[in-house]
Amino acid sequence: MSQVVARLKRKSVEICKVMSEEGDIIALPNLDDKVKFDPHYKPEEGQWMTIGSFSDLPYAIDSLGAVINTADFPQLDVDNALDAKFLCIIQGKYRLYQRILPSQVMRKRKWLNASGQFNLIEGEKIILLNDVPDAIHDTSSDDLYFRNFVALKTFFSKIEELYREATEEEVGKFLKNEVMKTDPDFTSEKVSKPNRQRIALAQEKLGAYTKQNVEQLIQEFPDYVKDVEIKDGSFLIKNDNDLKMAIFCIEERFYTTPISKEKRIANSILKIE
Amino acid sequence: MLKFGLEHLYRLLLVFSSISLTFAIFLVNKGVSLFSLGNAWALKSLPGMPLICRRPPEALLEAASYLCYFLGCFLLSKFALYATRWLSKERVDESSYKAIELTTDTFLPIYLTYFFVALSATSYLSFAMVFGVILIFVYRSEGTYFDPMYVLRGYKIYAATSSKGVKVNIITQKTLKGVADLSFNDLRRINEFTFIEVGGGK
């Protein structure tokens, strides 16, 4: 038996019960190809990222635990159904979370029913389900599987702390760092969203370096990046891309292969344990 | 849309069944005997029928009629129980409830008051009015759908406090004397605060 529950867009409303179904609603995807979540790592096509011991994390407060009592949830009114923010399908020990994007909601579309006799259908409200959910919580092993971190924010509002953007203050502080020399035109407002996320991760690493570490990194930097100038032992940042390169340098993403001596940049990092 | 409408209809049926006993009591109180009326009509318009000629005693006809009213209520409650299979199913895992309490006793006096109303109604019209008002109020208040007839089938009504602290009514044949290993697999939602498990064993 599977159950569908939903949360509405309005924050005050708790999880509502949608419906129940005798069998499974969606087939469980193959979860074998998985990698532990790391913000530096970009998953491959079809690969899952996992967060272990999920229900113990403070971000899991909005999640549906192992014990389900759907009798405790109010019934979702069909009039409000299209305001749902996400659905969660409860299938045995699995909780399958799915966002409801505007493209998945049909309000006024017309379509032809092509099963049996053709007939025109209009005015029906429809929510399309994806075959692959955005996140899967296995409550027996307590692992959370997902492919796109951004989607998780819809389900667990506080989870972005795991991969957050640097605050305005942190960005300002980072740009005023002694290894950074910013062009007067390049102010902290011009820092893009991905770079803000990178700053949040890199600032810690930079703080842990010794002076010699930083000198070594900056010394090797011109071997890899030609168009970012180094002036008096610091990066000269003129635009957002220069900043990205400087952060990559701090994160030790530039390397040379041992045999062919090819110079490379690591677009994605997976730590080998 | 249609399904949603049907669910309202089921609930109306359940309420109707739960207060239908007042209708039977009203008819008994008024001394309306369908069989006697039928018999009188048959005597007048169907002469020569062998069964009629035996002229069953009036008291038997009356008793049979009254029994039929209650049988009607019983069948209606059976149908109402059958109809719950179209209601939405719930999943209630173990340790979902922290307290449970038998409240069957508190519901029976409510029905007694309905019976008194039925006994004091003077005409069909006044009874229809009162019946209608009770029907609407019970339906709209979403209070209880507990049919006194369920008692005859061994159903009990419990007030269960969930782990979130919300109290709901659960109608079941199970004898519940603990919450630790309590779980339901076939619990149906009648309304936000009333749930029923048909069958389900002991």
# chains A, B, ... in the order shown; residues from 1 in each chain; ligands from 1
call {"tool": "closest_atom_pairs", "arguments": {"of": "chain A", "to": "chain B", "cutoff": "7 Å", "atoms": "only C-alpha atoms", "output": "Markdown table"}}
result
| residue | atom | partner | partner_atom | distance |
| --- | --- | --- | --- | --- |
| A:Met19 | CA | B:Ser88 | CA | 6.4 |
| A:Ser20 | CA | B:Lys89 | CA | 5.7 |
| A:Val67 | CA | B:Asp93 | CA | 5.6 |
| A:Ile68 | CA | B:Asp93 | CA | 5.4 |
| A:Asn69 | CA | B:Val92 | CA | 4.2 |
| A:Thr70 | CA | B:Arg91 | CA | 5.5 |
| A:Ala71 | CA | B:Glu90 | CA | 5.9 |
| A:Pro74 | CA | B:Glu192 | CA | 6.1 |
| A:Gln75 | CA | B:Glu192 | CA | 6.8 |
call {"tool": "select_by_dssp", "arguments": {"residues": "stretch 54-190 of chain B", "states": "alpha helix (DSSP H)", "output": "JSON, numbers by chain"}}
result
{"B": [58, 59, 60, 61, 62, 63, 64, 65, 66, 67, 68, 69, 70, 71, 72, 73, 74, 75, 76, 77, 78, 79, 80, 81, 82, 83, 104, 105, 106, 107, 108, 109, 110, 111, 112, 113, 114, 115, 116, 117, 118, 119, 120, 124, 125, 126, 127, 128, 129, 130, 131, 132, 133, 134, 135, 136, 137, 138, 139, 140, 141, 148, 149, 150, 151, 152]}
call {"tool": "residues_around", "arguments": {"residues": "stretch 22-25 of chain A", "least_positions_apart": "4", "cutoff": "9 Å", "atoms": "only C-alpha atoms", "output": "VMD selection string"}}
result
(chain A and resid 1 to 4 89 91 to 92) or (chain B and resid 89)
call {"tool": "select_by_dssp", "arguments": {"residues": "stretch 3-224 of chain A", "states": "strand (DSSP E)", "output": "PDB file with N, CA and C atoms, in the first residue's frame"}}
result
ATOM      1  N   GLN A   3       0.981   5.656  -0.042  1.00  0.00           N
ATOM      2  CA  GLN A   3       0.226   6.853   0.312  1.00  0.00           C
ATOM      3  C   GLN A   3       0.884   8.041  -0.363  1.00  0.00           C
ATOM      4  N   VAL A   4       0.083   9.042  -0.690  1.00  0.00           N
ATOM      5  CA  VAL A   4       0.642  10.283  -1.219  1.00  0.00           C
ATOM      6  C   VAL A   4       0.285  11.398  -0.245  1.00  0.00           C
ATOM      7  N   VAL A   5       1.300  12.141   0.175  1.00  0.00           N
ATOM      8  CA  VAL A   5       1.065  13.315   1.010  1.00  0.00           C
ATOM      9  C   VAL A   5       1.678  14.515   0.304  1.00  0.00           C
ATOM     10  N   ALA A   6       1.276  15.703   0.711  1.00  0.00           N
ATOM     11  CA  ALA A   6       1.766  16.905   0.031  1.00  0.00           C
ATOM     12  C   ALA A   6       1.909  18.032   1.024  1.00  0.00           C
ATOM     13  N   ARG A   7       2.771  18.976   0.689  1.00  0.00           N
ATOM     14  CA  ARG A   7       2.837  20.197   1.469  1.00  0.00           C
ATOM     15  C   ARG A   7       2.435  21.352   0.560  1.00  0.00           C
ATOM     16  N   LEU A   8       1.613  22.225   1.083  1.00  0.00           N
ATOM     17  CA  LEU A   8       1.160  23.360   0.289  1.00  0.00           C
ATOM     18  C   LEU A   8       2.209  24.463   0.308  1.00  0.00           C
ATOM     19  N   CYS A  16      -0.265  17.461   4.199  1.00  0.00           N
ATOM     20  CA  CYS A  16      -1.641  16.995   4.037  1.00  0.00           C
ATOM     21  C   CYS A  16      -1.621  15.614   3.377  1.00  0.00           C
ATOM     22  N   LYS A  17      -2.654  14.861   3.641  1.00  0.00           N
ATOM     23  CA  LYS A  17      -2.790  13.581   2.973  1.00  0.00           C
ATOM     24  C   LYS A  17      -3.482  13.787   1.636  1.00  0.00           C
ATOM     25  N   VAL A  18      -2.993  13.171   0.597  1.00  0.00           N
ATOM     26  CA  VAL A  18      -3.625  13.317  -0.711  1.00  0.00           C
ATOM     27  C   VAL A  18      -4.484  12.100  -1.025  1.00  0.00           C
ATOM     28  N   MET A  19      -3.872  10.946  -1.068  1.00  0.00           N
ATOM     29  CA  MET A  19      -4.620   9.742  -1.430  1.00  0.00           C
ATOM     30  C   MET A  19      -3.840   8.490  -1.037  1.00  0.00           C
ATOM     31  N   SER A  20      -4.491   7.360  -1.202  1.00  0.00           N
ATOM     32  CA  SER A  20      -3.780   6.104  -0.991  1.00  0.00           C
ATOM     33  C   SER A  20      -4.064   5.179  -2.165  1.00  0.00           C
ATOM     34  N   GLU A  21      -3.158   4.266  -2.359  1.00  0.00           N
ATOM     35  CA  GLU A  21      -3.234   3.382  -3.517  1.00  0.00           C
ATOM     36  C   GLU A  21      -2.809   1.988  -3.069  1.00  0.00           C
ATOM     37  N   LYS A  34      25.983   5.472  -6.435  1.00  0.00           N
ATOM     38  CA  LYS A  34      25.821   6.565  -5.474  1.00  0.00           C
ATOM     39  C   LYS A  34      27.164   7.036  -4.947  1.00  0.00           C
ATOM     40  N   VAL A  35      27.186   8.302  -4.555  1.00  0.00           N
ATOM     41  CA  VAL A  35      28.398   8.930  -4.043  1.00  0.00           C
ATOM     42  C   VAL A  35      27.984   9.766  -2.848  1.00  0.00           C
ATOM     43  N   LYS A  36      28.817   9.754  -1.821  1.00  0.00           N
ATOM     44  CA  LYS A  36      28.509  10.572  -0.641  1.00  0.00           C
ATOM     45  C   LYS A  36      28.512  12.050  -1.036  1.00  0.00           C
ATOM     46  N   TRP A  48      23.488   9.108  -8.045  1.00  0.00           N
ATOM     47  CA  TRP A  48      22.816   9.640  -6.853  1.00  0.00           C
ATOM     48  C   TRP A  48      23.839  10.110  -5.845  1.00  0.00           C
ATOM     49  N   MET A  49      23.513  11.170  -5.143  1.00  0.00           N
ATOM     50  CA  MET A  49      24.333  11.592  -4.019  1.00  0.00           C
ATOM     51  C   MET A  49      23.590  11.208  -2.757  1.00  0.00           C
ATOM     52  N   THR A  50      24.321  10.880  -1.728  1.00  0.00           N
ATOM     53  CA  THR A  50      23.661  10.426  -0.505  1.00  0.00           C
ATOM     54  C   THR A  50      24.107  11.246   0.697  1.00  0.00           C
ATOM     55  N   ILE A  51      23.190  11.360   1.633  1.00  0.00           N
ATOM     56  CA  ILE A  51      23.507  11.922   2.951  1.00  0.00           C
ATOM     57  C   ILE A  51      23.113  10.838   3.943  1.00  0.00           C
ATOM     58  N   ALA A  84       0.003  22.758  -4.252  1.00  0.00           N
ATOM     59  CA  ALA A  84       0.979  21.924  -3.550  1.00  0.00           C
ATOM     60  C   ALA A  84       2.386  22.261  -4.028  1.00  0.00           C
ATOM     61  N   LYS A  85       3.302  22.299  -3.065  1.00  0.00           N
ATOM     62  CA  LYS A  85       4.695  22.620  -3.370  1.00  0.00           C
ATOM     63  C   LYS A  85       5.448  21.343  -3.737  1.00  0.00           C
ATOM     64  N   PHE A  86       5.188  20.300  -2.977  1.00  0.00           N
ATOM     65  CA  PHE A  86       5.799  19.011  -3.314  1.00  0.00           C
ATOM     66  C   PHE A  86       4.919  17.884  -2.835  1.00  0.00           C
ATOM     67  N   LEU A  87       5.185  16.729  -3.422  1.00  0.00           N
ATOM     68  CA  LEU A  87       4.492  15.513  -3.029  1.00  0.00           C
ATOM     69  C   LEU A  87       5.496  14.581  -2.384  1.00  0.00           C
ATOM     70  N   CYS A  88       5.027  13.775  -1.486  1.00  0.00           N
ATOM     71  CA  CYS A  88       5.874  12.692  -0.990  1.00  0.00           C
ATOM     72  C   CYS A  88       5.071  11.416  -1.101  1.00  0.00           C
ATOM     73  N   ILE A  89       5.640  10.440  -1.794  1.00  0.00           N
ATOM     74  CA  ILE A  89       4.976   9.152  -1.930  1.00  0.00           C
ATOM     75  C   ILE A  89       5.582   8.224  -0.889  1.00  0.00           C
ATOM     76  N   ILE A  90       4.724   7.668  -0.059  1.00  0.00           N
ATOM     77  CA  ILE A  90       5.191   6.776   0.999  1.00  0.00           C
ATOM     78  C   ILE A  90       5.000   5.351   0.499  1.00  0.00           C
ATOM     79  N   GLN A  91       6.087   4.681   0.225  1.00  0.00           N
ATOM     80  CA  GLN A  91       6.026   3.309  -0.283  1.00  0.00           C
ATOM     81  C   GLN A  91       6.855   2.425   0.627  1.00  0.00           C
ATOM     82  N   TYR A  94      10.347   3.470   1.978  1.00  0.00           N
ATOM     83  CA  TYR A  94      10.853   4.596   1.188  1.00  0.00           C
ATOM     84  C   TYR A  94       9.917   5.797   1.231  1.00  0.00           C
ATOM     85  N   ARG A  95      10.509   6.980   1.274  1.00  0.00           N
ATOM     86  CA  ARG A  95       9.760   8.234   1.145  1.00  0.00           C
ATOM     87  C   ARG A  95      10.285   8.893  -0.130  1.00  0.00           C
ATOM     88  N   LEU A  96       9.434   8.986  -1.140  1.00  0.00           N
ATOM     89  CA  LEU A  96       9.870   9.506  -2.436  1.00  0.00           C
ATOM     90  C   LEU A  96       9.355  10.928  -2.593  1.00  0.00           C
ATOM     91  N   TYR A  97      10.277  11.868  -2.556  1.00  0.00           N
ATOM     92  CA  TYR A  97       9.897  13.280  -2.624  1.00  0.00           C
ATOM     93  C   TYR A  97       9.937  13.759  -4.058  1.00  0.00           C
ATOM     94  N   GLN A  98       8.951  14.554  -4.416  1.00  0.00           N
ATOM     95  CA  GLN A  98       8.866  15.072  -5.774  1.00  0.00           C
ATOM     96  C   GLN A  98       8.385  16.507  -5.748  1.00  0.00           C
ATOM     97  N   ARG A  99       9.135  17.374  -6.421  1.00  0.00           N
ATOM     98  CA  ARG A  99       8.680  18.770  -6.519  1.00  0.00           C
ATOM     99  C   ARG A  99       7.500  18.843  -7.477  1.00  0.00           C
ATOM    100  N   VAL A 105       1.910  21.111 -13.668  1.00  0.00           N
ATOM    101  CA  VAL A 105       0.531  21.360 -13.287  1.00  0.00           C
ATOM    102  C   VAL A 105      -0.247  21.832 -14.504  1.00  0.00           C
ATOM    103  N   MET A 106      -1.344  21.201 -14.787  1.00  0.00           N
ATOM    104  CA  MET A 106      -2.172  21.602 -15.924  1.00  0.00           C
ATOM    105  C   MET A 106      -3.498  22.099 -15.402  1.00  0.00           C
ATOM    106  N   LYS A 110      -6.058  21.844 -22.962  1.00  0.00           N
ATOM    107  CA  LYS A 110      -6.965  20.892 -23.597  1.00  0.00           C
ATOM    108  C   LYS A 110      -6.136  19.744 -24.111  1.00  0.00           C
ATOM    109  N   TRP A 111      -6.649  18.577 -24.091  1.00  0.00           N
ATOM    110  CA  TRP A 111      -5.927  17.507 -24.741  1.00  0.00           C
ATOM    111  C   TRP A 111      -6.875  16.464 -25.303  1.00  0.00           C
ATOM    112  N   LEU A 112      -6.296  15.665 -26.224  1.00  0.00           N
ATOM    113  CA  LEU A 112      -7.076  14.610 -26.853  1.00  0.00           C
ATOM    114  C   LEU A 112      -6.804  13.314 -26.135  1.00  0.00           C
ATOM    115  N   ASN A 113      -7.830  12.691 -25.735  1.00  0.00           N
ATOM    116  CA  ASN A 113      -7.680  11.387 -25.128  1.00  0.00           C
ATOM    117  C   ASN A 113      -7.550  10.378 -26.262  1.00  0.00           C
ATOM    118  N   ASN A 119     -11.354  11.583 -27.792  1.00  0.00           N
ATOM    119  CA  ASN A 119     -12.274  12.619 -27.345  1.00  0.00           C
ATOM    120  C   ASN A 119     -11.491  13.774 -26.735  1.00  0.00           C
ATOM    121  N   LEU A 120     -12.070  14.930 -26.828  1.00  0.00           N
ATOM    122  CA  LEU A 120     -11.419  16.150 -26.348  1.00  0.00           C
ATOM    123  C   LEU A 120     -11.723  16.293 -24.868  1.00  0.00           C
ATOM    124  N   ILE A 121     -10.669  16.550 -24.096  1.00  0.00           N
ATOM    125  CA  ILE A 121     -10.857  16.753 -22.661  1.00  0.00           C
ATOM    126  C   ILE A 121     -10.388  18.159 -22.334  1.00  0.00           C
ATOM    127  N   GLU A 122     -11.211  18.880 -21.650  1.00  0.00           N
ATOM    128  CA  GLU A 122     -10.779  20.215 -21.229  1.00  0.00           C
ATOM    129  C   GLU A 122     -11.288  20.517 -19.837  1.00  0.00           C
ATOM    130  N   ILE A 126      -4.720  18.624 -13.607  1.00  0.00           N
ATOM    131  CA  ILE A 126      -3.855  17.444 -13.605  1.00  0.00           C
ATOM    132  C   ILE A 126      -2.490  17.792 -13.012  1.00  0.00           C
ATOM    133  N   ILE A 127      -1.965  16.885 -12.220  1.00  0.00           N
ATOM    134  CA  ILE A 127      -0.595  17.016 -11.723  1.00  0.00           C
ATOM    135  C   ILE A 127       0.183  15.835 -12.294  1.00  0.00           C
ATOM    136  N   ALA A 135      14.091  13.218  -4.599  1.00  0.00           N
ATOM    137  CA  ALA A 135      14.834  12.739  -3.434  1.00  0.00           C
ATOM    138  C   ALA A 135      14.159  11.489  -2.905  1.00  0.00           C
ATOM    139  N   ILE A 136      14.964  10.588  -2.402  1.00  0.00           N
ATOM    140  CA  ILE A 136      14.439   9.339  -1.848  1.00  0.00           C
ATOM    141  C   ILE A 136      15.039   9.164  -0.457  1.00  0.00           C
ATOM    142  N   HIS A 137      14.192   8.971   0.504  1.00  0.00           N
ATOM    143  CA  HIS A 137      14.681   8.716   1.860  1.00  0.00           C
ATOM    144  C   HIS A 137      14.375   7.263   2.200  1.00  0.00           C
ATOM    145  N   ASP A 138      15.433   6.491   2.379  1.00  0.00           N
ATOM    146  CA  ASP A 138      15.283   5.097   2.782  1.00  0.00           C
ATOM    147  C   ASP A 138      15.310   5.102   4.308  1.00  0.00           C
ATOM    148  N   ASP A 143      19.350   6.707   4.731  1.00  0.00           N
ATOM    149  CA  ASP A 143      20.113   7.453   3.725  1.00  0.00           C
ATOM    150  C   ASP A 143      19.159   8.293   2.896  1.00  0.00           C
ATOM    151  N   LEU A 144      19.603   9.495   2.578  1.00  0.00           N
ATOM    152  CA  LEU A 144      18.831  10.332   1.664  1.00  0.00           C
ATOM    153  C   LEU A 144      19.534  10.328   0.316  1.00  0.00           C
ATOM    154  N   TYR A 145      18.812   9.995  -0.732  1.00  0.00           N
ATOM    155  CA  TYR A 145      19.376   9.980  -2.079  1.00  0.00           C
ATOM    156  C   TYR A 145      18.814  11.156  -2.853  1.00  0.00           C
ATOM    157  N   PHE A 146      19.657  11.818  -3.622  1.00  0.00           N
ATOM    158  CA  PHE A 146      19.165  12.909  -4.467  1.00  0.00           C
ATOM    159  C   PHE A 146      20.152  13.145  -5.593  1.00  0.00           C
ATOM    160  N   MET A 180      43.832  39.023  -2.163  1.00  0.00           N
ATOM    161  CA  MET A 180      42.926  39.513  -3.207  1.00  0.00           C
ATOM    162  C   MET A 180      43.120  41.016  -3.378  1.00  0.00           C
ATOM    163  N   LYS A 181      43.239  41.385  -4.635  1.00  0.00           N
ATOM    164  CA  LYS A 181      43.217  42.831  -4.915  1.00  0.00           C
ATOM    165  C   LYS A 181      42.115  43.042  -5.929  1.00  0.00           C
ATOM    166  N   THR A 182      41.034  43.661  -5.516  1.00  0.00           N
ATOM    167  CA  THR A 182      39.924  43.799  -6.449  1.00  0.00           C
ATOM    168  C   THR A 182      39.988  45.124  -7.183  1.00  0.00           C
TER     169      THR A 182
END
